[in-house]
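Have a look at my_file03.cif below; it lists mmCIF, C-alpha atoms.
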```cif
data_work
#
loop_
_atom_site.label_atom_id
_atom_site.label_comp_id
_atom_site.auth_asym_id
_atom_site.auth_seq_id
_atom_site.Cartn_x
_atom_site.Cartn_y
_atom_site.Cartn_z
CA MET S 1225 50.79 76.45 69.45
CA VAL S 1226 54.45 75.53 69.08
CA THR S 1227 54.86 72.74 66.55
CA ASP S 1228 57.28 69.82 66.77
CA ALA S 1229 58.97 71.19 63.65
CA THR S 1230 59.76 74.39 65.51
CA LEU S 1231 61.05 72.46 68.50
CA GLU S 1232 63.27 70.38 66.23
CA LYS S 1233 64.63 73.55 64.60
CA TYR S 1234 65.39 74.91 68.06
CA LEU S 1235 67.21 71.70 69.02
CA ALA S 1236 69.17 71.84 65.76
CA GLY S 1237 70.18 75.43 66.43
CA GLU S 1238 68.31 76.67 63.38
CA LEU S 1239 66.14 79.38 64.98
CA SER S 1240 67.05 83.05 65.10
CA ASP S 1241 68.06 84.63 68.40
CA ALA S 1242 64.63 86.25 68.69
CA GLU S 1243 62.87 82.96 68.01
CA VAL S 1244 65.08 81.19 70.55
CA ALA S 1245 64.24 83.77 73.21
CA GLU S 1246 60.54 83.47 72.44
CA LEU S 1247 60.60 79.67 72.56
CA GLU S 1248 62.61 79.52 75.77
CA ALA S 1249 60.18 81.89 77.44
CA ALA S 1250 57.32 79.65 76.30
CA VAL S 1251 59.06 76.54 77.68
CA GLU S 1252 59.67 78.25 80.99
CA ALA S 1253 55.97 78.96 81.29
CA ASP S 1254 54.67 75.61 80.07
CA ALA S 1255 55.82 72.32 81.61
CA GLY S 1256 54.03 70.39 78.87
CA LEU S 1257 56.02 72.17 76.20
CA GLU S 1258 59.17 71.50 78.19
CA ALA S 1259 58.37 67.77 78.20
CA ARG S 1260 57.78 67.78 74.44
CA LEU S 1261 61.06 69.54 73.84
CA MET S 1262 62.95 67.11 76.05
CA ALA S 1263 61.40 64.14 74.29
CA LEU S 1264 62.59 65.37 70.90
CA ASP S 1265 66.18 66.05 71.95
CA PRO S 1266 68.37 63.82 69.73
CA VAL S 1267 71.34 63.96 72.07
CA ALA S 1268 69.58 62.77 75.21
CA GLU S 1269 69.47 59.07 74.37
CA PRO S 1270 73.10 58.59 73.27
CA VAL S 1271 74.34 60.46 76.33
CA ALA S 1272 72.15 58.40 78.64
CA GLU S 1273 73.38 55.21 76.99
CA ALA S 1274 77.01 56.30 77.29
CA PHE S 1275 76.66 56.86 81.01
CA ALA S 1276 74.76 53.60 81.41
CA ALA S 1277 77.94 51.86 80.23
CA LEU S 1278 79.86 53.51 83.07
CA ARG S 1279 80.13 51.55 86.29
CA PRO S 1280 80.05 53.87 89.32
CA THR S 1281 82.10 53.05 92.37
CA PRO S 1282 79.90 50.86 94.61
CA VAL S 1283 78.61 52.56 97.72
CA SER S 1284 80.25 49.83 99.79
CA GLU S 1285 83.71 50.78 98.53
CA VAL S 1286 83.15 54.49 98.95
CA ALA S 1287 81.76 54.09 102.46
CA ALA S 1288 84.58 51.77 103.50
CA ALA S 1289 87.32 54.02 102.14
CA PRO S 1290 89.43 55.90 104.67
CA ALA S 1291 88.43 59.53 105.06
CA GLU S 1292 91.66 61.36 104.41
CA ALA S 1293 90.42 64.66 103.11
CA VAL S 1294 88.96 67.82 104.52
CA TRP S 1295 85.78 66.17 105.71
CA ARG S 1296 87.48 63.76 108.13
CA GLY S 1297 85.64 65.32 111.06
CA ALA S 1298 82.26 64.87 109.48
CA MET S 1299 83.15 61.33 108.53
CA VAL S 1300 83.97 60.44 112.10
CA ALA S 1301 80.73 61.99 113.32
CA ALA S 1302 78.64 59.98 110.90
CA VAL S 1303 80.64 56.80 110.75
CA ALA S 1304 77.86 54.79 112.30
CA SER S 1305 75.38 55.81 109.66
CA ILE S 1306 77.85 55.18 106.89
CA ALA S 1307 78.49 51.72 108.29
CA LEU S 1308 74.77 51.07 107.95
CA LEU S 1309 75.04 52.22 104.36
CA VAL S 1310 77.66 49.57 103.77
CA GLY S 1311 75.27 46.95 105.05
CA LEU S 1312 72.39 48.21 102.97
CA ALA S 1313 74.65 48.41 99.97
CA GLY S 1314 75.04 44.67 99.99
CA GLY S 1315 71.73 44.12 98.32
CA TRP S 1316 72.24 46.89 95.80
CA TRP S 1317 75.74 45.84 94.87
CA VAL S 1318 74.82 42.20 94.58
CA ALA S 1319 72.11 43.19 92.14
CA GLN S 1320 74.75 45.03 90.08
CA GLU S 1321 77.31 42.22 90.23
CA PRO S 1322 77.56 40.72 86.76
CA ASP S 1323 79.50 37.67 87.91
CA ALA S 1324 76.91 35.74 89.92
CA PRO S 1325 79.34 33.36 91.66
CA LYS S 1326 81.02 36.36 93.26
CA ALA S 1327 77.77 37.87 94.52
CA TRP S 1328 77.79 36.00 97.80
CA VAL S 1329 81.39 37.03 98.44
CA VAL S 1330 80.53 40.71 98.08
CA ALA S 1331 77.41 40.33 100.22
CA VAL S 1332 79.40 38.64 102.97
CA ALA S 1333 82.15 41.25 102.77
CA ASP S 1334 79.66 44.08 103.08
CA TYR S 1335 78.30 42.42 106.23
CA GLN S 1336 81.66 41.47 107.66
CA VAL S 1337 83.03 45.00 107.39
CA LEU S 1338 80.63 45.93 110.21
CA TYR S 1339 82.40 43.56 112.61
CA GLN S 1340 84.65 45.38 115.04
CA PRO S 1341 86.88 43.95 117.80
CA GLU S 1342 84.16 44.94 120.29
CA THR S 1343 81.66 42.88 118.32
CA VAL S 1344 83.43 39.64 119.04
CA ALA S 1345 84.92 40.61 122.41
CA VAL S 1346 81.57 40.01 124.12
CA LEU S 1347 80.98 36.61 122.55
CA GLU S 1348 81.49 34.02 125.27
CA PRO S 1349 79.89 30.77 124.15
CA GLY S 1350 78.83 28.39 126.90
CA PRO S 1351 79.81 24.70 127.06
CA GLY S 1352 78.53 22.82 124.03
CA GLU S 1353 77.05 25.95 122.50
CA VAL S 1354 79.40 26.19 119.52
CA ALA S 1355 79.06 22.44 118.88
CA ALA S 1356 75.28 22.83 118.67
CA GLN S 1357 75.62 25.82 116.39
CA LEU S 1358 78.01 23.93 114.12
CA SER S 1359 75.56 21.06 113.93
CA ARG S 1360 72.66 23.33 112.92
CA ALA S 1361 74.79 25.31 110.49
CA GLY S 1362 76.23 22.19 108.89
CA ALA S 1363 72.75 20.85 108.27
CA ALA S 1364 71.89 24.01 106.32
CA VAL S 1365 74.70 23.47 103.82
CA GLY S 1366 74.97 19.68 103.84
CA ALA S 1367 78.29 19.44 105.65
CA ASP S 1368 79.65 17.99 108.87
CA LEU S 1369 81.30 20.99 110.51
CA SER S 1370 82.18 19.30 113.79
CA VAL S 1371 85.85 19.29 112.78
CA PHE S 1372 85.96 23.03 113.47
CA GLU S 1373 85.11 22.66 117.16
CA ASN S 1374 88.27 23.12 119.22
CA ALA S 1375 90.41 22.93 116.05
CA GLU S 1376 93.60 24.95 115.78
CA MET S 1377 93.41 27.54 113.00
CA GLY S 1378 96.38 29.89 113.16
CA GLY S 1379 95.60 30.90 116.72
CA ALA S 1380 92.10 32.10 115.84
CA MET S 1381 89.35 31.23 118.35
CA LEU S 1382 85.95 30.07 117.10
CA LEU S 1383 83.21 31.96 118.94
CA ARG S 1384 80.04 31.36 116.98
CA ALA S 1385 78.55 29.61 113.96
CA GLN S 1386 75.37 30.86 112.37
CA VAL S 1387 73.39 30.55 109.17
CA LEU S 1388 73.02 33.61 106.98
CA GLY S 1389 71.49 33.65 103.53
CA LEU S 1390 71.53 35.37 100.18
CA GLY S 1391 68.14 34.85 98.61
CA ASP S 1392 67.49 31.14 99.01
CA ARG S 1393 71.18 30.33 99.29
CA PRO S 1394 72.26 29.47 102.86
CA ILE S 1395 75.65 30.74 103.96
CA VAL S 1396 77.36 29.52 107.11
CA GLN S 1397 79.37 32.13 108.95
CA MET S 1398 81.87 30.96 111.55
CA VAL S 1399 82.99 33.91 113.63
CA TYR S 1400 86.57 33.87 114.91
CA GLN S 1401 88.67 36.19 117.02
CA LEU S 1402 92.35 36.56 116.17
CA PRO S 1403 94.88 36.79 119.03
CA GLY S 1404 94.95 40.60 118.75
CA GLY S 1405 91.15 40.77 118.95
CA THR S 1406 90.47 41.28 115.23
CA PRO S 1407 87.30 39.58 113.97
CA LEU S 1408 87.63 36.97 111.24
CA ALA S 1409 84.97 34.94 109.48
CA LEU S 1410 85.14 31.62 107.72
CA CYS S 1411 82.10 31.39 105.47
CA LEU S 1412 80.86 28.48 103.49
CA THR S 1413 78.11 27.94 100.97
CA GLU S 1414 77.14 25.32 98.45
CA ARG S 1415 79.40 25.38 95.45
CA GLY S 1416 77.98 27.02 92.35
CA ALA S 1417 79.11 27.03 88.75
CA GLY S 1418 82.10 29.22 87.98
CA ALA S 1419 83.50 29.33 91.49
CA GLU S 1420 87.15 30.32 91.50
CA ALA S 1421 90.01 30.19 93.99
CA GLN S 1422 91.95 33.29 95.02
CA ASP S 1423 94.74 33.16 97.60
CA ALA S 1424 94.39 36.75 98.81
CA PHE S 1425 92.31 39.62 97.53
CA ALA S 1426 90.79 42.84 98.84
CA VAL S 1427 87.05 43.33 99.05
CA SER S 1428 85.10 46.06 100.86
CA GLY S 1429 88.29 47.15 102.63
CA LEU S 1430 88.97 43.67 104.03
CA MET S 1431 91.36 40.94 102.98
CA ALA S 1432 89.94 37.62 101.88
CA SER S 1433 90.92 34.23 100.56
CA ARG S 1434 88.63 31.91 98.65
CA TRP S 1435 88.80 28.26 97.70
CA GLN S 1436 86.51 25.34 96.95
CA THR S 1437 85.99 21.77 98.00
CA GLU S 1438 84.04 19.36 95.86
CA ASP S 1439 80.73 20.55 97.27
CA HIS S 1440 81.39 23.93 98.85
CA ASP S 1441 82.64 27.41 98.10
CA ILE S 1442 84.60 28.84 101.03
CA LEU S 1443 85.61 32.37 101.99
CA LEU S 1444 87.94 33.49 104.78
CA ILE S 1445 87.69 37.22 105.43
CA GLY S 1446 88.82 39.80 107.95
CA ALA S 1447 90.71 43.04 108.52
CA THR S 1448 94.13 41.43 108.27
CA SER S 1449 97.17 41.72 106.04
CA GLU S 1450 97.61 39.86 102.77
CA ASN S 1451 100.27 37.60 104.32
CA GLU S 1452 98.19 36.86 107.38
CA ILE S 1453 95.05 35.97 105.44
CA ALA S 1454 97.08 33.64 103.22
CA ALA S 1455 98.59 31.91 106.26
CA LEU S 1456 95.22 31.60 107.98
CA ALA S 1457 93.70 30.26 104.77
CA GLY S 1458 96.36 27.54 104.71
CA ALA S 1459 95.33 26.44 108.18
CA ALA S 1460 91.62 26.67 107.37
CA ARG S 1461 92.00 24.60 104.22
CA GLN S 1462 93.34 21.71 106.26
CA LEU S 1463 90.02 21.76 108.11
CA THR S 1464 87.73 22.32 105.16
CA ASP S 1465 89.42 19.42 103.34
CA GLN S 1466 87.95 17.21 106.04
CA ILE S 1467 84.30 18.16 105.64
CA MET B 877 74.16 55.46 117.38
CA PHE B 878 74.68 51.75 117.01
CA ARG B 879 73.34 49.32 119.54
CA LYS B 880 74.65 45.81 119.62
CA HIS B 881 72.38 42.81 119.98
CA ALA B 882 74.79 40.44 121.68
CA THR B 883 72.61 37.38 121.13
CA VAL B 884 72.58 37.54 117.39
CA GLY B 885 75.68 39.61 116.80
CA VAL B 886 74.18 42.10 114.38
CA TYR B 887 73.59 45.80 114.66
CA SER B 888 70.60 48.01 114.46
CA VAL B 889 70.33 51.74 114.32
CA THR B 890 68.77 53.90 116.97
CA THR B 891 68.09 57.43 115.87
CA GLU B 892 65.99 60.32 116.99
CA LYS B 893 64.21 60.23 113.66
CA ASN B 894 62.04 57.32 112.71
CA CYS B 895 62.64 58.18 109.09
CA GLN B 896 66.41 57.68 109.30
CA GLY B 897 66.30 54.09 108.11
CA SER B 898 64.27 54.91 105.02
CA LEU B 899 66.51 57.90 104.30
CA ASP B 900 69.58 55.68 104.39
CA ALA B 901 67.88 53.25 102.04
CA GLU B 902 66.98 56.13 99.73
CA LEU B 903 70.57 57.28 99.84
CA VAL B 904 71.83 53.87 98.83
CA SER B 905 69.32 53.69 95.99
CA VAL B 906 70.36 57.08 94.56
CA PHE B 907 74.07 56.50 95.16
CA PRO B 908 74.95 55.44 91.58
CA SER B 909 73.25 58.60 90.33
CA LEU B 910 74.99 60.66 92.98
CA TRP B 911 78.37 59.25 91.94
CA ARG B 912 77.72 60.02 88.28
CA PHE B 913 76.70 63.58 89.15
CA ALA B 914 79.79 63.89 91.35
CA LEU B 915 81.87 62.74 88.38
CA SER B 916 80.21 65.34 86.18
CA LEU B 917 81.12 68.03 88.69
CA SER B 918 84.65 66.96 89.47
CA GLY B 919 85.61 65.31 86.20
CA ARG B 920 87.65 62.67 87.97
CA PRO B 921 86.61 59.34 89.51
CA GLU B 922 88.77 59.66 92.62
CA LEU B 923 87.24 63.07 93.34
CA ALA B 924 83.80 61.63 92.59
CA ASP B 925 84.46 58.99 95.26
CA ASP B 926 85.42 61.67 97.77
CA LEU B 927 82.55 63.93 96.81
CA SER B 928 79.88 61.23 96.90
CA GLN B 929 81.22 60.01 100.23
CA SER B 930 81.17 63.50 101.68
CA THR B 931 77.69 64.13 100.31
CA SER B 932 76.40 60.92 101.88
CA VAL B 933 77.78 61.95 105.23
CA ARG B 934 76.27 65.42 104.92
CA ALA B 935 72.89 64.02 103.89
CA ILE B 936 72.82 61.82 106.95
CA GLU B 937 73.83 64.69 109.20
CA ARG B 938 71.15 66.93 107.72
CA ALA B 939 68.41 64.34 107.36
CA HIS B 940 66.16 66.45 109.55
CA GLN B 941 66.25 69.20 106.93
CA PHE B 942 64.82 67.04 104.19
CA GLN B 943 61.12 67.65 103.59
CA PRO B 944 59.29 64.31 103.09
CA GLY B 945 57.38 64.27 99.85
CA THR B 946 59.88 66.47 98.04
CA ASN B 947 62.50 65.28 95.55
CA PHE B 948 65.12 63.42 97.59
CA LYS B 949 67.50 63.02 94.68
CA ALA B 950 67.40 66.72 93.93
CA TRP B 951 68.04 67.50 97.60
CA VAL B 952 71.09 65.22 97.68
CA PHE B 953 72.40 66.61 94.39
CA THR B 954 72.05 70.14 95.73
CA LEU B 955 74.13 69.16 98.76
CA CYS B 956 76.64 67.53 96.44
CA ARG B 957 77.06 70.62 94.29
CA SER B 958 77.40 72.84 97.34
CA ILE B 959 80.11 70.61 98.83
CA TRP B 960 81.91 70.52 95.51
CA LEU B 961 81.95 74.28 95.08
CA ASN B 962 82.62 75.27 98.68
CA GLU B 963 84.91 72.53 99.91
CA ILE B 964 86.35 69.89 97.64
CA ARG B 965 86.90 71.92 94.49
CA ARG B 966 88.50 74.69 96.50
CA GLU B 967 90.69 72.21 98.36
CA ALA B 968 91.69 70.43 95.16
CA ILE B 969 92.69 73.71 93.58
CA ARG B 970 94.60 74.71 96.72
CA ARG B 971 96.53 71.46 96.42
CA THR B 972 97.01 72.37 92.74
CA GLU B 973 95.50 69.07 91.68
CA SER B 974 94.62 68.74 88.05
CA LEU B 975 90.91 69.04 87.37
CA GLU B 976 91.30 67.80 83.83
CA SER B 977 88.45 65.42 83.08
CA VAL B 978 89.02 61.73 82.82
CA ARG B 979 88.53 59.87 79.54
CA ALA B 980 86.81 56.53 79.14
CA GLU B 981 90.01 54.76 78.06
CA HIS B 982 91.58 55.69 81.39
CA MET B 983 88.76 54.00 83.28
CA ALA B 984 89.21 50.44 82.06
CA ASP B 985 87.96 49.05 85.37
CA ARG B 986 84.60 50.76 84.97
CA PHE B 987 84.19 51.35 81.25
CA ASP B 988 84.61 48.65 78.63
CA THR B 989 85.72 50.90 75.79
CA GLU B 990 86.21 48.07 73.32
CA ALA B 991 82.66 46.82 73.74
CA ASN B 992 81.23 50.34 73.81
CA ILE B 993 83.22 52.35 71.30
CA PHE B 994 80.39 54.74 70.53
CA ALA B 995 79.46 55.06 74.20
CA ALA B 996 83.08 55.87 75.02
CA GLU B 997 83.16 58.56 72.32
CA VAL B 998 80.02 60.16 73.66
CA PHE B 999 81.26 59.87 77.24
CA ASN B 1000 84.51 61.57 76.28
CA GLY B 1001 82.52 64.22 74.48
CA VAL B 1002 80.50 64.97 77.59
CA MET B 1003 83.51 64.90 79.90
CA GLY B 1004 85.29 67.31 77.57
CA LEU B 1005 82.60 69.94 78.04
CA PRO B 1006 83.13 72.84 80.45
CA GLU B 1007 82.18 71.90 83.99
CA ALA B 1008 78.93 73.90 84.16
CA ILE B 1009 77.69 72.49 80.86
CA ARG B 1010 78.83 68.98 81.72
CA ASN B 1011 76.89 68.76 84.96
CA THR B 1012 73.80 70.25 83.34
CA VAL B 1013 73.99 67.58 80.63
CA VAL B 1014 74.27 64.81 83.20
CA LEU B 1015 71.38 66.13 85.26
CA VAL B 1016 69.00 66.37 82.30
CA TYR B 1017 70.14 63.69 79.85
CA VAL B 1018 71.42 61.06 82.26
CA GLU B 1019 69.44 61.59 85.45
CA GLY B 1020 66.22 62.68 83.82
CA PHE B 1021 65.78 66.00 85.58
CA THR B 1022 63.47 68.44 83.85
CA TYR B 1023 64.94 71.79 82.92
CA ARG B 1024 63.24 73.46 85.85
CA GLU B 1025 64.39 70.76 88.30
CA ALA B 1026 67.95 71.08 87.02
CA ALA B 1027 67.72 74.85 87.39
CA VAL B 1028 66.89 74.46 91.09
CA VAL B 1029 69.77 72.06 91.74
CA LEU B 1030 72.23 74.25 89.86
CA ASP B 1031 70.80 77.48 91.26
CA VAL B 1032 70.50 79.09 87.83
CA PRO B 1033 67.54 80.33 85.76
CA ILE B 1034 65.84 77.76 83.55
CA GLY B 1035 67.00 79.75 80.52
CA THR B 1036 70.59 79.10 81.56
CA VAL B 1037 69.89 75.37 81.65
CA MET B 1038 68.49 75.52 78.12
CA SER B 1039 71.38 77.60 76.80
CA ARG B 1040 73.91 75.21 78.37
CA LEU B 1041 72.15 72.27 76.74
CA ALA B 1042 72.15 74.10 73.42
CA ALA B 1043 75.93 74.54 73.74
CA ALA B 1044 76.29 70.86 74.57
CA ARG B 1045 74.22 69.83 71.56
CA LYS B 1046 76.54 71.74 69.23
CA ARG B 1047 79.43 69.60 70.46
CA LEU B 1048 77.60 66.30 70.85
CA ALA B 1049 75.08 66.28 68.00
CA PRO B 1050 77.69 65.35 65.37
CA LEU B 1051 78.45 62.21 67.37
CA ALA B 1052 74.76 61.35 67.62
CA ASP B 1053 74.27 62.04 63.90
CA GLU B 1054 77.22 59.81 63.05
CA GLU B 1055 75.81 56.92 65.04
CA ALA B 1056 72.32 57.47 63.62
CA SER B 1057 73.69 57.34 60.08
CA LYS B 1058 75.56 54.11 60.88
CA GLY B 1059 72.29 52.70 62.17
CA ARG B 1060 70.52 53.66 58.97
CA VAL B 1061 73.25 52.08 56.86
CA GLY B 1062 73.22 48.95 59.02
#
```
What would the structure in this file look like if it were written as structure tokens?
Amino acid sequence: MVTDATLEKYLAGELSDAEVAELEAAVEADAGLEARLMALDPVAEPVAEAFAALRPTPVSEVAAAPAEAVWRGAMVAAVASIALLVGLAGGWWVAQEPDAPKAWVVAVADYQVLYQPETVAVLEPGPGEVAAQLSRAGAAVGADLSVFENAEMGGAMLLRAQVLGLGDRPIVQMVYQLPGGTPLALCLTERGAGAEAQDAFAVSGLMASRWQTEDHDILLIGATSENEIAALAGAARQLTDQI
Amino acid sequence: MFRKHATVGVYSVTTEKNCQGSLDAELVSVFPSLWRFALSLSGRPELADDLSQSTSVRAIERAHQFQPGTNFKAWVFTLCRSIWLNEIRREAIRRTESLESVRAEHMADRFDTEANIFAAEVFNGVMGLPEAIRNTVVLVYVEGFTYREAAVVLDVPIGTVMSRLAAARKRLAPLADEEASKGRVG
């Protein structure tokens, strides 16, 4: 029977070479002894705590990053699966996000990054369809969104309005197509404490702009340049000021 | 492949394997661990990004090789180590990139060194270890692998795992002792 005192001497480096060899052979043969030894290791806890303070790169950022290295071919082959990872990562990353007001922004970004020009190219809303969608979506967040129907917003065309959600928090997503075919989303949710405005910032590989009205927190997001998102946000703000 | 549902504008995944969806979810859930292990191998966050990305791609490609009921995290880590040794490390060396390990104070965006002074010291201590010892430490102390599980991932005898940990303890135990004595004083 190997005592805890012997295990502690081993961990402290106080056994002879022969005793070390004997103990290590015993550990190799006995998983229970291995568990006891691991539990007594004085270095395990501080190391675990040190790495708990480290914030890994979120999967959404890694998956959205351009593949510029030797594995480009493999990346292309599996891009569809990685894109799914980005979507799944939304929930994980939101759970990690320490700043709760930003959580919905990250969740939306992780969803929006899946939108491709082909995604919106097939959206052809029938007469009155967008108006009905805006009415339903507005009801979910307590806003009259009719101002967005047929409104000019930097040349972007409104194709759909739908209600998404993060937990019990409804989020309206208005899907636009820019003149070059790039998807853009104007998203809106009820304003929470700590909401902050940012003219242009990068999130999940997209550019975004964020501002607030008295009752709502608003996010404009798409695969555009910093200048273009700022210009589009200026146009969108003129509309959101009216809701 | 992706199949678009035009009516709702979202995507679903169609694969030959019914288990693909759960594998992707598993991959997302182990990703923070995978990134930490990738950091322990490469020593640098930008290489850890590349390595964890590449490992994720490889895991998806080889999903059919994973045996349900076995240790998924260990399987992914084994892929990760293989990619590091056979591809990324070799390529980084070919490009004569520095493989000097990062320190906590150079990772201000992901490590609050002022709030975690002791944690930063320990982190720097681990990252300053030789690569083989460093990744053994992370597997066992951080990711909770048993010695024998770590031995499988690292493809070494269990005795090698124990000797690497013994070497790590010599370097790290003074830090742990220092903190323990502060705790006793406090």
Query raised in the report: Taking the file as shown, what set of residues would the PyMOL selection byres ((chain B and resi 978) around 9) give back, as a list of chain:residue names?
Result: B:Gly919, B:Arg920, B:Pro921, B:Leu975, B:Glu976, B:Ser977, B:Arg979, B:Ala980, B:Glu981, B:His982, B:Met983, B:Asn1000, B:Met1003, B:Gly1004
Report task. Pick out the closest residue to chain B from this set: S:Met1225, S:Val1337, S:Val1329, S:Ala1454. Count all atoms listed in the file. Result -> S:Val1337
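Checking S:Gly1352, S:Gly1378, S:Pro1407, S:Gly1366 one by one against chain B, counting only C-alpha atoms, you find the shortest gap at S:Pro1407.
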Query - Hits of the PyMOL selection byres ((chain S and resi 1232-1243) around 10) in this structure, as a ChimeraX atom specification - result: /S:1227-1231,1244-1249,1261-1262,1264-1267 /B:1038,1041-1043,1045-1046,1049
Report task. Carefully work through the PyMOL selection byres ((chain B and resi 1001) around 10) for this structure and note down the residues it includes, as a PyMOL selection string. Result -> (chain S and resi 1271) or (chain B and resi 979-980+995-1000+1002-1005+1010+1044+1047-1048+1051)
Requested in this report: Could you check which of S:Ala1432, S:Ala1385, S:Val1226, S:Ala1363 is closest to chain B, using only C-alpha atoms?
Outcome: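 Smallest separation from chain B among the options: S:Ala1385.
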Query raised in the report: Neighbours of stretch 950-957 of chain B within 9 Å (all atoms listed in the file; same-chain residues fewer than 5 positions away dropped), as a PyMOL selection string?
Result: chain B and resi 903+906+910+913-914+917+927-928+930-932+934-935+942+962+1021+1025-1026+1028-1031
Query raised in the report: So, counting all atoms listed in the file, which residue among S:Ala1331, S:Ala1250, S:Ile1445, S:Leu1347 is closest to chain B?
Result: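 Using all atoms listed in the file, chain B sits closest to S:Leu1347.
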Padding of 8 Å on every side, edges along x, y and z, all listed atoms of stretch 1349-1357 of chain S included: what centre and edge lengths in Å, to one decimal, does that box have, as AutoDock Vina command-line options?
```
--center_x 77.6 --center_y 26.6 --center_z 121.7 --size_x 20.6 --size_y 24.3 --size_z 26.7
```
**Report entry** d(atom CA of S:Gly1405, atom CA of S:Tyr1339) in Å
**Finding:**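 Atom CA of S:Gly1405 sits 11.2 Å away from atom CA of S:Tyr1339.
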**Report entry** Point (87.1, 20.6, 111.2) neighbourhood (8 Å, all atoms listed in the file) written as a PyMOL selection string
**Finding:** chain S and resi 1369-1373+1375+1463-1464+1466-1467
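Shortest separation to chain S among B:Ser905, B:Ser916, B:Asn947, B:Gln941 occurs at residue B:Ser905, atoms counted being all atoms listed in the file.
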Requested in this report: Find the residues near S:Ala1268: any atom within 9 Å, counting all atoms listed in the file, skip ones fewer than 5 places away on the same chain, and give them as a ChimeraX atom specification.
Outcome: /S:1262-1263,1273 /B:1013,1016-1018
For the residues in that selection, give me C-alpha atoms as a CSV table (one decimal), keeping the file's coordinate frame.
```csv
chain,number,residue,atom,x,y,z
S,1262,MET,CA,63.0,67.1,76.0
S,1263,ALA,CA,61.4,64.1,74.3
S,1273,GLU,CA,73.4,55.2,77.0
B,1013,VAL,CA,74.0,67.6,80.6
B,1016,VAL,CA,69.0,66.4,82.3
B,1017,TYR,CA,70.1,63.7,79.8
B,1018,VAL,CA,71.4,61.1,82.3
```
